[in-house]
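What follows is a short report on a single structure.
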Amino acid sequence: MEWKYKIPLKDAGAFAEIEQERNGKIPEALKDFVQEHNAATPSMIRFPVGNVERIFGAVLSFNKDDRDADTVYSALQAVPDKDLLPFGIDPFGNYICCHLKNHEILFWNHETQKSEAVARTLEDFLALLY
């Protein structure tokens, strides 16, 4: 898989700040993923959520001052559930999130403000992309 338009992560301390704000632990696999693919767009963008095909538009940028990418900071304000950490966005304003307690990957719909399970782990989620 190819990842385009990556913006280098400026401050790995962003993870600790978010963990403190959300009162949860970000899985190491997700930290590594963001460090490698911050703000990037994957070449394989489709994934299933139940019987519906969804689109992975981009990884959120974890840089506070990014103006050219959707950031995790605006996503944290949009997603009220403190157990969810948005790390990806679709073209329609919905978020791909990691549950900070069990590390499950969820699709969060901004219209209903409800989430649906997608995969048990980040690795399982990435394997679903086509």
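As shown in the structure tokens, the chain order sets the letters A, B, ...; within each chain, residues go from 1, and ligands are also counted from 1 in the order they appear.
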Excluding Tyr95 of chain A and any residue of its chain fewer than 2 positions from it, enumerate the residues within 7 Å of it, using only C-alpha atoms, and give them as a PDB file with C-alpha atoms, in the first residue's frame.
ATOM      1  CA  PRO A  86     -10.046   9.856  16.246  1.00  0.00           C
ATOM      2  CA  GLY A  88      -8.565   9.077  10.550  1.00  0.00           C
ATOM      3  CA  ILE A  89     -11.262  10.907   8.616  1.00  0.00           C
ATOM      4  CA  ASP A  90     -13.462  10.096   5.645  1.00  0.00           C
ATOM      5  CA  GLY A  93     -16.563  14.377   8.146  1.00  0.00           C
ATOM      6  CA  CYS A  97     -11.329   6.041  15.988  1.00  0.00           C
ATOM      7  CA  PHE A 107     -16.257   4.223  12.694  1.00  0.00           C
ATOM      8  CA  TRP A 108     -17.842   7.344  14.241  1.00  0.00           C
ATOM      9  CA  ASN A 109     -20.699   8.921  12.288  1.00  0.00           C
TER      10      ASN A 109
END
Could you give me the residues within chain A that DSSP places in strand (DSSP E or B), as a PDB file with N, CA, C and O atoms, in the first residue's frame?
ATOM      1  N   TRP A   3       1.227   5.405   0.729  1.00  0.00           N
ATOM      2  CA  TRP A   3       0.690   6.493   1.548  1.00  0.00           C
ATOM      3  C   TRP A   3       1.240   7.793   0.978  1.00  0.00           C
ATOM      4  O   TRP A   3       2.451   7.992   0.933  1.00  0.00           O
ATOM      5  N   LYS A   4       0.349   8.686   0.557  1.00  0.00           N
ATOM      6  CA  LYS A   4       0.762   9.941  -0.075  1.00  0.00           C
ATOM      7  C   LYS A   4       0.469  11.127   0.839  1.00  0.00           C
ATOM      8  O   LYS A   4      -0.422  11.073   1.673  1.00  0.00           O
ATOM      9  N   THR A  41      -2.587   9.987   2.996  1.00  0.00           N
ATOM     10  CA  THR A  41      -3.747   9.376   2.359  1.00  0.00           C
ATOM     11  C   THR A  41      -3.335   8.014   1.802  1.00  0.00           C
ATOM     12  O   THR A  41      -2.344   7.928   1.077  1.00  0.00           O
ATOM     13  N   PRO A  42      -4.092   6.946   2.123  1.00  0.00           N
ATOM     14  CA  PRO A  42      -3.723   5.618   1.630  1.00  0.00           C
ATOM     15  C   PRO A  42      -4.179   5.395   0.184  1.00  0.00           C
ATOM     16  O   PRO A  42      -5.153   5.987  -0.268  1.00  0.00           O
ATOM     17  N   ARG A  46     -10.988   1.906   0.715  1.00  0.00           N
ATOM     18  CA  ARG A  46     -12.297   1.364   1.082  1.00  0.00           C
ATOM     19  C   ARG A  46     -12.172   0.335   2.204  1.00  0.00           C
ATOM     20  O   ARG A  46     -11.206  -0.413   2.274  1.00  0.00           O
ATOM     21  N   PHE A  47     -13.208   0.301   3.066  1.00  0.00           N
ATOM     22  CA  PHE A  47     -13.282  -0.717   4.114  1.00  0.00           C
ATOM     23  C   PHE A  47     -14.748  -0.927   4.477  1.00  0.00           C
ATOM     24  O   PHE A  47     -15.565  -0.013   4.346  1.00  0.00           O
ATOM     25  N   PRO A  48     -15.091  -2.136   4.921  1.00  0.00           N
ATOM     26  CA  PRO A  48     -16.485  -2.418   5.275  1.00  0.00           C
ATOM     27  C   PRO A  48     -16.797  -2.057   6.725  1.00  0.00           C
ATOM     28  O   PRO A  48     -15.978  -2.241   7.615  1.00  0.00           O
ATOM     29  N   VAL A  49     -18.004  -1.533   6.914  1.00  0.00           N
ATOM     30  CA  VAL A  49     -18.571  -1.357   8.256  1.00  0.00           C
ATOM     31  C   VAL A  49     -19.937  -2.017   8.163  1.00  0.00           C
ATOM     32  O   VAL A  49     -20.864  -1.452   7.595  1.00  0.00           O
ATOM     33  N   VAL A  52     -21.972  -1.869   4.795  1.00  0.00           N
ATOM     34  CA  VAL A  52     -21.762  -0.588   4.118  1.00  0.00           C
ATOM     35  C   VAL A  52     -20.270  -0.394   3.834  1.00  0.00           C
ATOM     36  O   VAL A  52     -19.432  -0.661   4.696  1.00  0.00           O
ATOM     37  N   GLU A  53     -19.974   0.059   2.632  1.00  0.00           N
ATOM     38  CA  GLU A  53     -18.594   0.380   2.291  1.00  0.00           C
ATOM     39  C   GLU A  53     -18.292   1.815   2.721  1.00  0.00           C
ATOM     40  O   GLU A  53     -19.057   2.727   2.422  1.00  0.00           O
ATOM     41  N   ARG A  54     -17.213   1.999   3.437  1.00  0.00           N
ATOM     42  CA  ARG A  54     -16.787   3.321   3.903  1.00  0.00           C
ATOM     43  C   ARG A  54     -15.451   3.674   3.265  1.00  0.00           C
ATOM     44  O   ARG A  54     -14.780   2.811   2.706  1.00  0.00           O
ATOM     45  N   ILE A  55     -15.048   4.935   3.401  1.00  0.00           N
ATOM     46  CA  ILE A  55     -13.818   5.416   2.781  1.00  0.00           C
ATOM     47  C   ILE A  55     -12.894   6.011   3.841  1.00  0.00           C
ATOM     48  O   ILE A  55     -13.322   6.806   4.672  1.00  0.00           O
ATOM     49  N   ALA A  58      -8.020  10.062   5.028  1.00  0.00           N
ATOM     50  CA  ALA A  58      -6.663  10.417   5.435  1.00  0.00           C
ATOM     51  C   ALA A  58      -6.465  10.154   6.916  1.00  0.00           C
ATOM     52  O   ALA A  58      -7.424  10.136   7.685  1.00  0.00           O
ATOM     53  N   VAL A  59      -5.210  10.003   7.281  1.00  0.00           N
ATOM     54  CA  VAL A  59      -4.822   9.977   8.680  1.00  0.00           C
ATOM     55  C   VAL A  59      -4.881  11.424   9.159  1.00  0.00           C
ATOM     56  O   VAL A  59      -4.499  12.343   8.425  1.00  0.00           O
ATOM     57  N   SER A  61      -3.731  14.712  11.114  1.00  0.00           N
ATOM     58  CA  SER A  61      -2.430  15.246  11.507  1.00  0.00           C
ATOM     59  C   SER A  61      -2.422  15.452  13.015  1.00  0.00           C
ATOM     60  O   SER A  61      -3.372  15.982  13.589  1.00  0.00           O
ATOM     61  N   THR A  71      -6.876  17.908  11.498  1.00  0.00           N
ATOM     62  CA  THR A  71      -6.064  17.571  12.672  1.00  0.00           C
ATOM     63  C   THR A  71      -6.856  16.785  13.711  1.00  0.00           C
ATOM     64  O   THR A  71      -8.080  16.869  13.784  1.00  0.00           O
ATOM     65  N   LEU A  84     -12.848   7.574  22.962  1.00  0.00           N
ATOM     66  CA  LEU A  84     -12.503   7.432  21.550  1.00  0.00           C
ATOM     67  C   LEU A  84     -11.432   8.428  21.139  1.00  0.00           C
ATOM     68  O   LEU A  84     -11.513   9.607  21.460  1.00  0.00           O
ATOM     69  N   LEU A  85     -10.442   7.936  20.414  1.00  0.00           N
ATOM     70  CA  LEU A  85      -9.406   8.792  19.847  1.00  0.00           C
ATOM     71  C   LEU A  85      -9.530   8.744  18.325  1.00  0.00           C
ATOM     72  O   LEU A  85      -9.208   7.735  17.712  1.00  0.00           O
ATOM     73  N   PRO A  86      -9.999   9.816  17.706  1.00  0.00           N
ATOM     74  CA  PRO A  86     -10.046   9.856  16.246  1.00  0.00           C
ATOM     75  C   PRO A  86      -8.622   9.887  15.690  1.00  0.00           C
ATOM     76  O   PRO A  86      -7.775  10.622  16.201  1.00  0.00           O
ATOM     77  N   PHE A  87      -8.360   9.069  14.668  1.00  0.00           N
ATOM     78  CA  PHE A  87      -7.039   9.104  14.030  1.00  0.00           C
ATOM     79  C   PHE A  87      -7.146   9.170  12.513  1.00  0.00           C
ATOM     80  O   PHE A  87      -6.160   9.385  11.822  1.00  0.00           O
ATOM     81  N   GLY A  88      -8.356   8.999  11.992  1.00  0.00           N
ATOM     82  CA  GLY A  88      -8.565   9.077  10.550  1.00  0.00           C
ATOM     83  C   GLY A  88      -9.890   9.744  10.255  1.00  0.00           C
ATOM     84  O   GLY A  88     -10.755   9.840  11.130  1.00  0.00           O
ATOM     85  N   ILE A  89     -10.032  10.220   9.022  1.00  0.00           N
ATOM     86  CA  ILE A  89     -11.262  10.907   8.616  1.00  0.00           C
ATOM     87  C   ILE A  89     -11.664  10.419   7.235  1.00  0.00           C
ATOM     88  O   ILE A  89     -10.816  10.041   6.424  1.00  0.00           O
ATOM     89  N   TYR A  95     -15.293   9.985  11.432  1.00  0.00           N
ATOM     90  CA  TYR A  95     -13.959   9.662  11.929  1.00  0.00           C
ATOM     91  C   TYR A  95     -13.757   8.169  12.140  1.00  0.00           C
ATOM     92  O   TYR A  95     -14.674   7.453  12.530  1.00  0.00           O
ATOM     93  N   ILE A  96     -12.526   7.735  11.903  1.00  0.00           N
ATOM     94  CA  ILE A  96     -12.082   6.401  12.270  1.00  0.00           C
ATOM     95  C   ILE A  96     -11.373   6.594  13.615  1.00  0.00           C
ATOM     96  O   ILE A  96     -10.485   7.441  13.740  1.00  0.00           O
ATOM     97  N   CYS A  97     -11.802   5.833  14.614  1.00  0.00           N
ATOM     98  CA  CYS A  97     -11.329   6.041  15.988  1.00  0.00           C
ATOM     99  C   CYS A  97     -10.759   4.764  16.584  1.00  0.00           C
ATOM    100  O   CYS A  97     -11.129   3.658  16.193  1.00  0.00           O
ATOM    101  N   CYS A  98      -9.917   4.963  17.580  1.00  0.00           N
ATOM    102  CA  CYS A  98      -9.427   3.864  18.404  1.00  0.00           C
ATOM    103  C   CYS A  98     -10.046   4.025  19.787  1.00  0.00           C
ATOM    104  O   CYS A  98     -10.006   5.116  20.364  1.00  0.00           O
ATOM    105  N   HIS A  99     -10.635   2.952  20.294  1.00  0.00           N
ATOM    106  CA  HIS A  99     -11.176   2.973  21.656  1.00  0.00           C
ATOM    107  C   HIS A  99      -9.982   2.854  22.609  1.00  0.00           C
ATOM    108  O   HIS A  99      -9.195   1.911  22.517  1.00  0.00           O
ATOM    109  N   ILE A 105     -11.071  -0.667  16.832  1.00  0.00           N
ATOM    110  CA  ILE A 105     -11.208   0.395  15.845  1.00  0.00           C
ATOM    111  C   ILE A 105     -12.688   0.557  15.517  1.00  0.00           C
ATOM    112  O   ILE A 105     -13.392  -0.422  15.244  1.00  0.00           O
ATOM    113  N   LEU A 106     -13.152   1.822  15.563  1.00  0.00           N
ATOM    114  CA  LEU A 106     -14.561   2.129  15.363  1.00  0.00           C
ATOM    115  C   LEU A 106     -14.728   3.201  14.297  1.00  0.00           C
ATOM    116  O   LEU A 106     -13.847   4.037  14.091  1.00  0.00           O
ATOM    117  N   PHE A 107     -15.883   3.176  13.645  1.00  0.00           N
ATOM    118  CA  PHE A 107     -16.257   4.223  12.694  1.00  0.00           C
ATOM    119  C   PHE A 107     -17.273   5.107  13.405  1.00  0.00           C
ATOM    120  O   PHE A 107     -18.314   4.630  13.844  1.00  0.00           O
ATOM    121  N   TRP A 108     -16.963   6.409  13.533  1.00  0.00           N
ATOM    122  CA  TRP A 108     -17.842   7.344  14.241  1.00  0.00           C
ATOM    123  C   TRP A 108     -18.546   8.242  13.229  1.00  0.00           C
ATOM    124  O   TRP A 108     -17.898   8.963  12.469  1.00  0.00           O
ATOM    125  N   ASN A 109     -19.877   8.164  13.217  1.00  0.00           N
ATOM    126  CA  ASN A 109     -20.699   8.921  12.288  1.00  0.00           C
ATOM    127  C   ASN A 109     -21.023  10.282  12.892  1.00  0.00           C
ATOM    128  O   ASN A 109     -21.634  10.361  13.959  1.00  0.00           O
ATOM    129  N   LYS A 114     -22.853   8.329  16.673  1.00  0.00           N
ATOM    130  CA  LYS A 114     -22.752   6.942  17.141  1.00  0.00           C
ATOM    131  C   LYS A 114     -21.584   6.267  16.441  1.00  0.00           C
ATOM    132  O   LYS A 114     -21.213   6.627  15.329  1.00  0.00           O
ATOM    133  N   SER A 115     -21.044   5.264  17.105  1.00  0.00           N
ATOM    134  CA  SER A 115     -19.921   4.538  16.527  1.00  0.00           C
ATOM    135  C   SER A 115     -20.305   3.088  16.265  1.00  0.00           C
ATOM    136  O   SER A 115     -21.179   2.531  16.935  1.00  0.00           O
ATOM    137  N   GLU A 116     -19.636   2.511  15.270  1.00  0.00           N
ATOM    138  CA  GLU A 116     -19.816   1.104  14.915  1.00  0.00           C
ATOM    139  C   GLU A 116     -18.464   0.429  14.895  1.00  0.00           C
ATOM    140  O   GLU A 116     -17.482   1.014  14.421  1.00  0.00           O
ATOM    141  N   ALA A 117     -18.410  -0.793  15.378  1.00  0.00           N
ATOM    142  CA  ALA A 117     -17.162  -1.549  15.384  1.00  0.00           C
ATOM    143  C   ALA A 117     -16.725  -1.871  13.962  1.00  0.00           C
ATOM    144  O   ALA A 117     -17.542  -2.207  13.108  1.00  0.00           O
ATOM    145  N   VAL A 118     -15.432  -1.747  13.736  1.00  0.00           N
ATOM    146  CA  VAL A 118     -14.855  -2.062  12.430  1.00  0.00           C
ATOM    147  C   VAL A 118     -13.891  -3.239  12.541  1.00  0.00           C
ATOM    148  O   VAL A 118     -13.952  -4.176  11.769  1.00  0.00           O
ATOM    149  N   ALA A 119     -12.964  -3.169  13.510  1.00  0.00           N
ATOM    150  CA  ALA A 119     -11.943  -4.211  13.650  1.00  0.00           C
ATOM    151  C   ALA A 119     -11.469  -4.267  15.100  1.00  0.00           C
ATOM    152  O   ALA A 119     -11.569  -3.291  15.837  1.00  0.00           O
TER     153      ALA A 119
END
Kindly give the distance, in Å, that separates atom CA of Gln77 of chain A and atom CA of Ala127 of chain A, rounded to a single decimal.
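So the two atoms, atom CA of Gln77 of chain A and atom CA of Ala127 of chain A, lie 28.5 Å apart.
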A:Leu129, A:Thr121, A:Phe56, A:Ala14 ranked by distance to Ala29 of chain A, top pick (using only C-alpha atoms):
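Using only C-alpha atoms, the shortest distance to Ala29 of chain A belongs to A:Thr121.
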Write out as a ChimeraX atom specification each polymer residue whose atoms come within 12 Å of Asp65 of chain A, counting only C-alpha atoms; drop sequence neighbours fewer than 5 positions from it.
/A:7,9-11,14,70-74
Hey, can you spit out that residue selection with N, CA, C and O atoms as a PDB file, in the first residue's frame?
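Now in again_36.pdb:
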ATOM      1  N   ILE A   7       2.781  14.450   6.196  1.00  0.00           N
ATOM      2  CA  ILE A   7       3.381  15.629   6.827  1.00  0.00           C
ATOM      3  C   ILE A   7       4.140  15.110   8.050  1.00  0.00           C
ATOM      4  O   ILE A   7       3.529  14.485   8.926  1.00  0.00           O
ATOM      5  N   LEU A   9       5.585  14.318  11.558  1.00  0.00           N
ATOM      6  CA  LEU A   9       5.125  14.625  12.915  1.00  0.00           C
ATOM      7  C   LEU A   9       6.178  15.486  13.597  1.00  0.00           C
ATOM      8  O   LEU A   9       7.344  15.113  13.669  1.00  0.00           O
ATOM      9  N   LYS A  10       5.773  16.637  14.085  1.00  0.00           N
ATOM     10  CA  LYS A  10       6.720  17.586  14.672  1.00  0.00           C
ATOM     11  C   LYS A  10       7.027  17.300  16.133  1.00  0.00           C
ATOM     12  O   LYS A  10       8.114  17.598  16.603  1.00  0.00           O
ATOM     13  N   ASP A  11       6.060  16.753  16.870  1.00  0.00           N
ATOM     14  CA  ASP A  11       6.231  16.592  18.307  1.00  0.00           C
ATOM     15  C   ASP A  11       5.595  15.290  18.775  1.00  0.00           C
ATOM     16  O   ASP A  11       4.369  15.204  18.882  1.00  0.00           O
ATOM     17  N   ALA A  14       2.896  14.954  21.546  1.00  0.00           N
ATOM     18  CA  ALA A  14       1.455  15.113  21.321  1.00  0.00           C
ATOM     19  C   ALA A  14       0.687  13.920  21.882  1.00  0.00           C
ATOM     20  O   ALA A  14      -0.422  14.079  22.392  1.00  0.00           O
ATOM     21  N   ASP A  70      -6.554  17.939   8.012  1.00  0.00           N
ATOM     22  CA  ASP A  70      -7.462  17.780   9.146  1.00  0.00           C
ATOM     23  C   ASP A  70      -6.625  17.320  10.344  1.00  0.00           C
ATOM     24  O   ASP A  70      -5.781  16.434  10.207  1.00  0.00           O
ATOM     25  N   THR A  71      -6.876  17.908  11.498  1.00  0.00           N
ATOM     26  CA  THR A  71      -6.064  17.571  12.672  1.00  0.00           C
ATOM     27  C   THR A  71      -6.856  16.785  13.711  1.00  0.00           C
ATOM     28  O   THR A  71      -8.080  16.869  13.784  1.00  0.00           O
ATOM     29  N   VAL A  72      -6.114  16.066  14.525  1.00  0.00           N
ATOM     30  CA  VAL A  72      -6.717  15.324  15.617  1.00  0.00           C
ATOM     31  C   VAL A  72      -7.345  16.283  16.623  1.00  0.00           C
ATOM     32  O   VAL A  72      -8.325  15.946  17.284  1.00  0.00           O
ATOM     33  N   TYR A  73      -6.828  17.494  16.703  1.00  0.00           N
ATOM     34  CA  TYR A  73      -7.319  18.446  17.702  1.00  0.00           C
ATOM     35  C   TYR A  73      -8.743  18.909  17.402  1.00  0.00           C
ATOM     36  O   TYR A  73      -9.566  19.005  18.314  1.00  0.00           O
ATOM     37  N   SER A  74      -9.052  19.167  16.148  1.00  0.00           N
ATOM     38  CA  SER A  74     -10.437  19.517  15.805  1.00  0.00           C
ATOM     39  C   SER A  74     -11.336  18.289  15.939  1.00  0.00           C
ATOM     40  O   SER A  74     -12.487  18.393  16.349  1.00  0.00           O
TER      41      SER A  74
END
Do you know which residues are at most 10 Å from Gln113 of chain A counting only C-alpha atoms, after dropping those on the same chain fewer than 6 positions away, and could you put them as a PyMOL selection string?
chain A and resi 78-81+94
Expected file contents, prior selection, N, CA, C and O atoms, as a tab-separated table (two decimals), in the first residue's frame:
chain	number	residue	atom	x	y	z
A	78	ALA	N	-14.87	17.42	18.18
A	78	ALA	CA	-16.09	16.95	17.53
A	78	ALA	C	-16.62	15.65	18.15
A	78	ALA	O	-17.83	15.43	18.18
A	79	VAL	N	-15.73	14.79	18.61
A	79	VAL	CA	-16.12	13.48	19.16
A	79	VAL	C	-16.22	13.60	20.68
A	79	VAL	O	-15.21	13.68	21.37
A	80	PRO	N	-17.44	13.61	21.22
A	80	PRO	CA	-17.61	13.85	22.66
A	80	PRO	C	-17.21	12.67	23.56
A	80	PRO	O	-16.91	12.88	24.72
A	81	ASP	N	-17.20	11.46	23.02
A	81	ASP	CA	-16.86	10.29	23.82
A	81	ASP	C	-15.37	10.29	24.13
A	81	ASP	O	-14.53	10.08	23.24
A	94	ASN	N	-16.77	12.06	8.89
A	94	ASN	CA	-16.86	10.99	9.88
A	94	ASN	C	-15.43	10.59	10.27
A	94	ASN	O	-14.49	10.81	9.51
For Pro27 of chain A, which of A:Phe62, A:Leu100, A:Leu126, A:Arg120 is the closest residue, counting only C-alpha atoms?
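Closest candidate: A:Leu100.
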One-decimal distance in Å that lies between atom CA of Pro8 of chain A and atom CA of His110 of chain A:
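Value for the atom CA of His110 of chain A-atom CA of Pro8 of chain A distance: 27.3 Å.
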One number please: atom CA of His37 of chain A to atom CA of Leu122 of chain A, in Å, one decimal.
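Rounded to one decimal, the two atoms are 13.3 Å apart.
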For Ile26 of chain A, which of A:Glu104, A:Pro91, A:Asp124, A:Ala69 is the closest residue, counting only C-alpha atoms?
A:Glu104
May I ask which of the residues A:Glu19, A:Lys25, A:Asn51, A:Ala40 is the closest one to Met1 of chain A, counting only C-alpha atoms?
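Checking each candidate against Met1 of chain A, we get A:Ala40 as the closest.
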